[in-house]
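What follows is data23.txt (compact mmCIF, C-alpha atoms).
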```txt
# COMPACT_ATOMS: atom_id res chain seq x y z
CA MET A 325 32.90 -99.20 -27.79
CA ALA A 326 32.99 -96.36 -25.37
CA LEU A 327 30.31 -93.80 -26.06
CA PHE A 328 32.70 -90.87 -25.80
CA GLY A 329 35.88 -92.61 -26.76
CA ASN A 330 36.33 -90.79 -30.06
CA ARG A 331 35.23 -87.33 -28.92
CA LYS A 332 37.34 -84.56 -30.50
CA ASN A 333 38.92 -81.78 -28.51
CA TYR A 334 37.06 -78.66 -29.60
CA SER A 335 38.66 -75.30 -29.01
CA THR A 336 36.75 -72.83 -26.88
CA ILE A 337 35.13 -70.01 -28.87
CA THR A 338 34.95 -66.69 -27.02
CA VAL A 339 32.03 -64.51 -28.05
CA LYS A 340 32.67 -60.88 -27.22
CA LYS A 341 29.80 -58.90 -25.81
CA ARG A 342 28.71 -56.24 -28.23
CA ASP A 343 30.09 -52.91 -27.19
CA VAL A 344 27.34 -50.60 -25.90
CA PRO A 345 28.29 -46.93 -25.43
CA ASP A 346 27.86 -45.54 -21.95
CA GLY A 347 24.99 -43.12 -21.32
CA LEU A 348 22.45 -44.62 -23.74
CA TRP A 349 20.19 -45.95 -21.00
CA MET A 350 19.17 -44.73 -17.57
CA LYS A 351 17.18 -46.12 -14.66
CA CYS A 352 14.19 -44.12 -13.51
CA PRO A 353 14.26 -43.70 -9.71
CA SER A 354 10.45 -43.60 -9.59
CA CYS A 355 9.33 -46.65 -11.62
CA ASN A 356 12.72 -48.46 -11.71
CA GLU A 357 12.34 -49.00 -15.46
CA ILE A 358 15.34 -48.79 -17.78
CA VAL A 359 14.59 -46.04 -20.29
CA TYR A 360 16.37 -44.78 -23.40
CA LYS A 361 18.09 -41.54 -22.48
CA GLU A 362 17.53 -39.83 -25.84
CA GLU A 363 13.79 -40.46 -25.54
CA VAL A 364 13.77 -38.94 -22.05
CA THR A 365 15.68 -35.89 -23.29
CA ALA A 366 13.30 -35.47 -26.23
CA ASN A 367 10.45 -35.66 -23.70
CA LEU A 368 11.78 -32.62 -21.77
CA GLU A 369 13.66 -34.87 -19.32
CA VAL A 370 10.46 -36.61 -18.25
CA CYS A 371 10.35 -40.42 -17.92
CA THR A 372 8.47 -41.97 -20.84
CA LYS A 373 7.16 -44.76 -18.57
CA CYS A 374 5.86 -42.97 -15.46
CA ASP A 375 6.22 -39.19 -16.08
CA HIS A 376 8.87 -38.77 -13.40
CA HIS A 377 10.43 -35.31 -13.83
CA PHE A 378 14.22 -35.31 -13.99
CA THR A 379 16.20 -32.08 -13.69
CA LEU A 380 15.89 -29.98 -16.82
CA PRO A 381 19.18 -28.25 -17.80
CA ARG A 382 19.24 -24.47 -17.60
CA GLN A 383 19.40 -23.78 -21.33
CA ALA A 384 16.62 -26.26 -22.03
CA ARG A 385 14.38 -24.52 -19.48
CA ILE A 386 15.16 -21.12 -20.97
CA ASN A 387 14.16 -22.54 -24.35
CA LEU A 388 10.97 -23.98 -22.87
CA LEU A 389 9.82 -20.67 -21.38
CA SER A 390 10.81 -18.31 -24.19
CA ASP A 391 10.19 -17.95 -27.90
CA GLU A 392 13.00 -19.27 -30.06
CA GLY A 393 15.98 -16.93 -30.14
CA SER A 394 14.28 -14.22 -28.08
CA PHE A 395 16.15 -14.56 -24.75
CA SER A 396 18.69 -11.80 -24.05
CA GLU A 397 20.69 -12.15 -20.83
CA TRP A 398 20.70 -9.29 -18.33
CA ALA A 399 23.11 -8.58 -15.46
CA GLY A 400 25.55 -11.20 -16.70
CA ASN A 401 28.48 -8.95 -15.73
CA ILE A 402 27.71 -9.29 -12.00
CA LYS A 403 30.21 -11.78 -10.52
CA SER A 404 30.65 -13.42 -7.13
CA VAL A 405 33.54 -12.33 -4.89
CA ASP A 406 34.89 -13.86 -1.70
CA THR A 407 34.04 -10.95 0.61
CA LEU A 408 34.44 -12.98 3.80
CA GLY A 409 37.63 -14.79 2.77
CA PHE A 410 35.89 -18.11 3.41
CA THR A 411 38.20 -21.05 4.09
CA GLY A 412 37.53 -24.71 4.69
CA GLN A 413 38.37 -27.95 2.92
CA GLN A 414 38.09 -25.86 -0.24
CA SER A 415 38.00 -22.09 -0.56
CA TYR A 416 34.93 -20.28 -1.92
CA ILE A 417 36.90 -19.12 -4.97
CA ASP A 418 37.97 -22.70 -5.72
CA LYS A 419 34.35 -23.85 -5.37
CA LEU A 420 33.16 -21.16 -7.76
CA GLU A 421 35.84 -21.93 -10.32
CA ALA A 422 35.11 -25.66 -10.18
CA ASN A 423 31.38 -25.12 -10.67
CA GLN A 424 31.94 -22.60 -13.44
CA LYS A 425 34.22 -25.01 -15.28
CA GLN A 426 31.87 -27.96 -14.82
CA SER A 427 28.65 -26.16 -15.74
CA GLY A 428 29.79 -23.59 -18.28
CA TRP A 429 27.82 -20.90 -16.38
CA ASP A 430 29.20 -18.22 -14.08
CA ASP A 431 26.60 -18.49 -11.28
CA ALA A 432 23.43 -20.25 -10.18
CA ILE A 433 20.87 -18.15 -12.08
CA SER A 434 20.44 -16.58 -15.50
CA VAL A 435 18.02 -13.68 -15.96
CA GLY A 436 16.97 -11.75 -19.01
CA GLY A 437 14.30 -10.43 -21.27
CA CYS A 438 12.46 -12.50 -23.87
CA THR A 439 9.09 -13.08 -25.42
CA LEU A 440 6.69 -15.90 -24.64
CA GLY A 441 3.95 -16.36 -27.17
CA GLY A 442 4.94 -12.97 -28.55
CA ARG A 443 4.49 -11.22 -25.18
CA LYS A 444 7.48 -9.42 -23.64
CA ILE A 445 8.38 -10.89 -20.24
CA GLY A 446 11.28 -11.09 -17.82
CA LEU A 447 12.61 -14.59 -17.17
CA GLY A 448 14.87 -16.03 -14.49
CA VAL A 449 16.06 -19.65 -14.40
CA MET A 450 17.83 -21.12 -11.36
CA ASP A 451 20.19 -24.07 -11.82
CA PHE A 452 20.53 -26.58 -8.96
CA SER A 453 23.66 -28.10 -10.49
CA PHE A 454 25.59 -24.89 -9.66
CA LEU A 455 26.37 -25.00 -5.92
CA GLY A 456 22.84 -26.28 -5.22
CA ALA A 457 21.44 -23.05 -6.72
CA SER A 458 22.33 -21.41 -3.41
CA MET A 459 21.34 -17.77 -3.10
CA GLY A 460 24.34 -15.54 -2.64
CA SER A 461 24.79 -11.86 -3.42
CA VAL A 462 24.95 -12.43 -7.19
CA VAL A 463 21.78 -14.50 -7.29
CA GLY A 464 19.96 -11.93 -5.16
CA GLU A 465 21.26 -9.01 -7.23
CA ARG A 466 20.33 -10.65 -10.54
CA VAL A 467 16.83 -11.45 -9.31
CA THR A 468 16.43 -7.89 -8.03
CA TYR A 469 17.74 -6.41 -11.29
CA LEU A 470 15.33 -8.60 -13.27
CA ILE A 471 12.33 -7.53 -11.21
CA GLU A 472 13.22 -3.82 -11.10
CA ARG A 473 13.90 -3.60 -14.83
CA CYS A 474 10.64 -5.41 -15.60
CA THR A 475 8.82 -2.97 -13.32
CA ARG A 476 10.25 -0.05 -15.32
CA GLU A 477 9.49 -1.73 -18.65
CA LYS A 478 6.06 -2.93 -17.47
CA ARG A 479 6.78 -6.61 -18.10
CA PRO A 480 5.45 -9.61 -16.19
CA VAL A 481 8.10 -11.79 -14.54
CA LEU A 482 8.51 -15.57 -14.51
CA ILE A 483 11.19 -17.18 -12.34
CA SER A 484 11.89 -20.91 -12.42
CA CYS A 485 13.04 -21.61 -8.86
CA ALA A 486 15.27 -24.39 -7.56
CA SER A 487 17.53 -24.02 -4.55
CA GLY A 488 18.94 -25.57 -1.43
CA GLY A 489 18.85 -22.19 0.33
CA ALA A 490 21.29 -19.42 1.21
CA ARG A 491 24.95 -19.62 0.17
CA MET A 492 26.84 -20.36 3.36
CA TYR A 493 30.13 -19.08 1.92
CA GLU A 494 28.72 -15.53 2.07
CA GLY A 495 27.26 -15.66 5.56
CA LEU A 496 24.88 -12.84 6.51
CA LEU A 497 25.21 -11.27 3.05
CA SER A 498 23.31 -14.21 1.55
CA LEU A 499 20.46 -13.83 4.04
CA MET A 500 20.07 -10.14 3.15
CA GLN A 501 19.05 -11.18 -0.37
CA MET A 502 15.72 -12.43 1.00
CA ALA A 503 14.72 -8.91 2.04
CA LYS A 504 16.13 -7.27 -1.10
CA THR A 505 14.28 -9.52 -3.56
CA SER A 506 11.06 -9.32 -1.53
CA ALA A 507 11.16 -5.50 -1.53
CA ALA A 508 11.63 -5.45 -5.31
CA LEU A 509 8.61 -7.73 -5.72
CA ALA A 510 6.51 -5.47 -3.49
CA ARG A 511 7.21 -2.55 -5.83
CA HIS A 512 6.48 -4.74 -8.86
CA ALA A 513 3.12 -5.73 -7.37
CA ALA A 514 2.31 -2.10 -6.50
CA ALA A 515 2.77 -1.30 -10.19
CA GLY A 516 0.06 -3.86 -11.01
CA LEU A 517 2.42 -6.23 -12.81
CA PRO A 518 2.21 -10.04 -12.57
CA TYR A 519 4.88 -12.25 -11.08
CA ILE A 520 4.73 -16.06 -11.35
CA PRO A 521 7.27 -18.32 -9.61
CA ILE A 522 7.59 -21.86 -10.98
CA LEU A 523 8.84 -24.17 -8.22
CA THR A 524 10.93 -27.11 -9.39
CA HIS A 525 12.65 -29.90 -7.48
CA PRO A 526 13.92 -28.92 -4.96
CA THR A 527 12.97 -25.41 -3.81
CA MET A 528 13.96 -24.99 -0.20
CA ALA A 529 15.00 -22.65 2.65
CA GLY A 530 15.69 -18.96 2.02
CA VAL A 531 14.59 -18.96 -1.61
CA MET A 532 11.32 -20.66 -0.73
CA ALA A 533 10.87 -18.21 2.16
CA SER A 534 11.28 -15.18 -0.11
CA PHE A 535 10.75 -14.65 -3.82
CA ALA A 536 9.77 -18.27 -4.60
CA THR A 537 6.44 -17.93 -2.78
CA LEU A 538 5.53 -14.27 -3.30
CA GLY A 539 3.82 -14.72 -6.65
CA ASP A 540 0.36 -13.75 -7.84
CA LEU A 541 0.09 -17.40 -8.86
CA ILE A 542 2.42 -20.07 -7.48
CA VAL A 543 3.08 -22.93 -9.88
CA ALA A 544 5.01 -26.15 -9.24
CA GLU A 545 6.18 -29.15 -11.20
CA PRO A 546 4.90 -32.62 -10.17
CA GLU A 547 6.50 -34.19 -7.09
CA ALA A 548 8.80 -31.20 -6.49
CA LEU A 549 10.18 -31.02 -2.94
CA ILE A 550 9.22 -27.62 -1.51
CA GLY A 551 9.77 -26.33 2.00
CA PHE A 552 11.96 -24.43 4.43
CA ALA A 553 13.71 -27.17 6.42
CA GLY A 554 13.99 -30.73 5.13
CA PRO A 555 11.61 -33.50 6.27
CA ARG A 556 14.29 -35.22 8.35
CA VAL A 557 15.04 -32.04 10.32
CA ILE A 558 11.34 -31.36 10.90
CA LYS A 559 10.70 -34.92 12.07
CA GLU A 560 13.65 -34.86 14.46
CA THR A 561 12.60 -31.45 15.82
CA THR A 562 8.90 -32.18 16.29
CA GLN A 563 9.27 -35.87 17.16
CA GLN A 564 6.20 -36.48 15.00
CA ASP A 565 5.59 -38.77 12.05
CA LEU A 566 5.04 -36.70 8.93
CA PRO A 567 2.08 -37.26 6.59
CA GLU A 568 2.62 -39.17 3.35
CA GLY A 569 3.79 -36.87 0.58
CA PHE A 570 4.76 -34.15 3.07
CA GLN A 571 6.41 -31.13 1.34
CA ARG A 572 5.72 -32.46 -2.14
CA ALA A 573 3.99 -30.18 -4.64
CA GLU A 574 0.71 -32.12 -4.65
CA PHE A 575 0.50 -32.14 -0.83
CA LEU A 576 1.11 -28.38 -0.72
CA GLN A 577 -1.50 -27.75 -3.38
CA GLN A 578 -4.05 -29.68 -1.34
CA HIS A 579 -3.19 -27.54 1.69
CA GLY A 580 -3.34 -24.21 -0.13
CA LEU A 581 0.27 -23.11 -0.61
CA ILE A 582 0.54 -24.08 -4.29
CA ASP A 583 -2.06 -22.84 -6.77
CA MET A 584 -1.26 -25.11 -9.68
CA VAL A 585 0.81 -28.27 -10.32
CA VAL A 586 1.65 -28.38 -14.01
CA PRO A 587 3.43 -31.18 -15.91
CA ARG A 588 6.42 -29.93 -17.84
CA SER A 589 4.89 -30.83 -21.18
CA GLU A 590 2.04 -28.40 -20.47
CA LEU A 591 4.03 -25.66 -18.75
CA ARG A 592 4.71 -23.39 -21.71
CA ASP A 593 1.10 -23.30 -22.93
CA ARG A 594 -0.24 -22.92 -19.38
CA MET A 595 2.04 -19.94 -18.68
CA MET A 596 0.95 -18.26 -21.91
CA LEU A 597 -2.69 -18.74 -20.90
CA VAL A 598 -2.13 -17.45 -17.36
CA LEU A 599 -0.32 -14.34 -18.63
CA GLU A 600 -3.24 -13.71 -20.98
CA TYR A 601 -5.54 -13.62 -17.93
CA LEU A 602 -3.26 -11.58 -15.68
CA CYS A 603 -1.90 -8.96 -18.05
CA ASP A 604 -3.88 -5.81 -18.69
CA LYS A 605 -4.26 -5.37 -22.41
```
Once you've parsed the file, please lay out its structure as structure tokens.
Amino acid sequence: MALFGNRKNYSTITVKKRDVPDGLWMKCPSCNEIVYKEEVTANLEVCTKCDHHFTLPRQARINLLSDEGSFSEWAGNIKSVDTLGFTGQQSYIDKLEANQKQSGWDDAISVGGCTLGGRKIGLGVMDFSFLGASMGSVVGERVTYLIERCTREKRPVLISCASGGARMYEGLLSLMQMAKTSAALARHAAAGLPYIPILTHPTMAGVMASFATLGDLIVAEPEALIGFAGPRVIKETTQQDLPEGFQRAEFLQQHGLIDMVVPRSELRDRMMLVLEYLCDK
């Protein structure tokens, strides 16, 4: 008798893979671990495996650096215009409208008054997802308005910085914002009022060369890329190998540019403590 002579013809059973909604998991670029996105969000957008700092959305950062419900936006009526009539693959106006629709914000920074630990402060938060947080006339004007109003009202200023540099669509007008914001900070300092920039990933070019590094205390988040030109440009220009960790927050702290590298989970409490030291009661 054949061993398999009486074998029945079984029908194939197809087992469907259980449907898993998109966006539940994410891969950390630092440790390469797959992490649960909701856990990362609950952890202030910091990897639960290795503490890699992802980008924190604008509203979440405003919430982090202000008391609940205390933030009131200033200068929100200042809007970008296409002064130069910029044209290219896409016009400046089209770029603005696309970013406004995608982000829900009208430009790359929000500024306003709030309290932090019960203390009145001025707060600015830059958003890299909006045109690379490039500094055009509106960004410069909002920063200047924030600083000048806080000088009048005798408030300390905190600005969370993130930027790829000047906004090329506005040409020379964007570069003028470096001088304007720096002058406002000089008057703020002359009034004896504290200013603390918080450098997040990345903070580069014209922003880094102006108000991002003119603070009484310069704070940065871990592993933030900070500099004027990018590492590739510097290496090609100097024809030199760059040190390990070049332009990262920890490297710059070791070499004296950054005063303090603070994990995001400690940032709120650390800023409250620093303001307690710096503000004249």
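Counting only C-alpha atoms, the residue from A:Phe575, A:Tyr360, A:Tyr469, A:Phe452 that sits nearest to Asn401 in chain A is A:Tyr469.
One distance worth recording is that between CA of Phe535 in chain A and CA of Ser458 in chain A, which is 13.4 Å.
Between Arg592 in chain A and the residues A:Asp451, A:Asp391, A:Glu472, A:Glu397, the shortest atom-to-atom distance, using all atoms listed in the file, involves A:Asp391.
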- Computed interatomic separation between CA of Glu421 in chain A and CA of His377 in chain A (Å): 28.9 Å
- Task: Skip Leu509 in chain A itself and residues of its chain fewer than 3 positions away, then list as a count of residues only all residues within 10 Å of it, counting all atoms listed in the file.
- Result: 21
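Counting from CA of Met596 in chain A, the distance to CA of Thr439 in chain A is 10.3 Å.
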Show me, as a PDB file with C-alpha atoms, in the frame of the given file, the residues that have an atom within 9 Å of Asp406 in chain A when counting all atoms listed in the file, minus same-chain residues fewer than 4 positions from it.
```
ATOM      1  CA  PHE A 410      35.890 -18.110   3.410  1.00  0.00           C
ATOM      2  CA  SER A 415      38.000 -22.090  -0.560  1.00  0.00           C
ATOM      3  CA  TYR A 416      34.930 -20.280  -1.920  1.00  0.00           C
ATOM      4  CA  ILE A 417      36.900 -19.120  -4.970  1.00  0.00           C
ATOM      5  CA  TYR A 493      30.130 -19.080   1.920  1.00  0.00           C
ATOM      6  CA  GLU A 494      28.720 -15.530   2.070  1.00  0.00           C
TER       7      GLU A 494
END
```
- Query: Is there a way to get, as a count of residues only, all residues within 6 Å of the point (19.1, -17.9, -12.8) in file coordinates, counting all atoms listed in the file?
  - Reply: 7
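For Val370 in chain A, the set of protein, DNA and RNA residues having any atom at most 12 Å away, when counting only C-alpha atoms and skipping those fewer than 2 positions along the same chain, is Met350, Cys352, Pro353, Ser354, Val359, Tyr360, Lys361, Glu362, Glu363, Val364, Thr365, Ala366, Asn367, Leu368, Thr372, Lys373, Cys374, Asp375, His376, His377, Phe378, Thr379, Leu380, Glu545, Pro546, Pro587, Arg588, Ser589 and Glu590 of chain A.
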- Task: Compare A:Gln571, A:Ser390, A:Ser453, A:Thr561 by their minimum atom-to-atom distance to Leu482 in chain A, counting all atoms listed in the file, and give me the closest one.
- Result: A:Ser390
- Task: Extract, using all atoms listed in the file, all DNA, RNA and protein residues at most 8 Å from Thr537 in chain A, discarding same-chain residues fewer than 5 positions from it, and format them as a ChimeraX atom specification.
- Result: /A:521,532,542
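Checking A:Asp430, A:Asp583, A:Glu392, A:Glu477 one by one against Val463 in chain A, counting all atoms listed in the file, you find the shortest gap at A:Asp430.
Between Leu597 in chain A and the candidates A:Arg556, A:Gly441, A:Cys371, A:Gln424, the tightest atom-to-atom separation, counting only C-alpha atoms, involves A:Gly441.
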- Query: For Gln383 in chain A, which of A:Gly464, A:Trp349, A:Leu408, A:Trp429 is the closest residue, counting all atoms listed in the file?
  - Reply: A:Trp429
- Message: Set the distance at 10 Å and use all atoms listed in the file: which residues neighbour Ala422 in chain A once local chain neighbours fewer than 6 positions away are removed? I'd like the list as a ChimeraX atom specification.
- Response: /A:416,428,454-455
Print the selection's residues with C-alpha atoms to a file, as a PDB file, in the frame of the given file.
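And here's selection_39.pdb as it stands now:
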```
ATOM      1  CA  TYR A 416      34.930 -20.280  -1.920  1.00  0.00           C
ATOM      2  CA  GLY A 428      29.790 -23.590 -18.280  1.00  0.00           C
ATOM      3  CA  PHE A 454      25.590 -24.890  -9.660  1.00  0.00           C
ATOM      4  CA  LEU A 455      26.370 -25.000  -5.920  1.00  0.00           C
TER       5      LEU A 455
END
```
With all atoms of range 486-493 of chain A from the file as input, state the centre and edge lengths in Å to one decimal of the axis-aligned box that has 5 Å extra on each side, as AutoDock Vina command-line options.
```
--center_x 22.7 --center_y -22.3 --center_z -2.1 --size_x 24.9 --size_y 16.5 --size_z 20.9
```
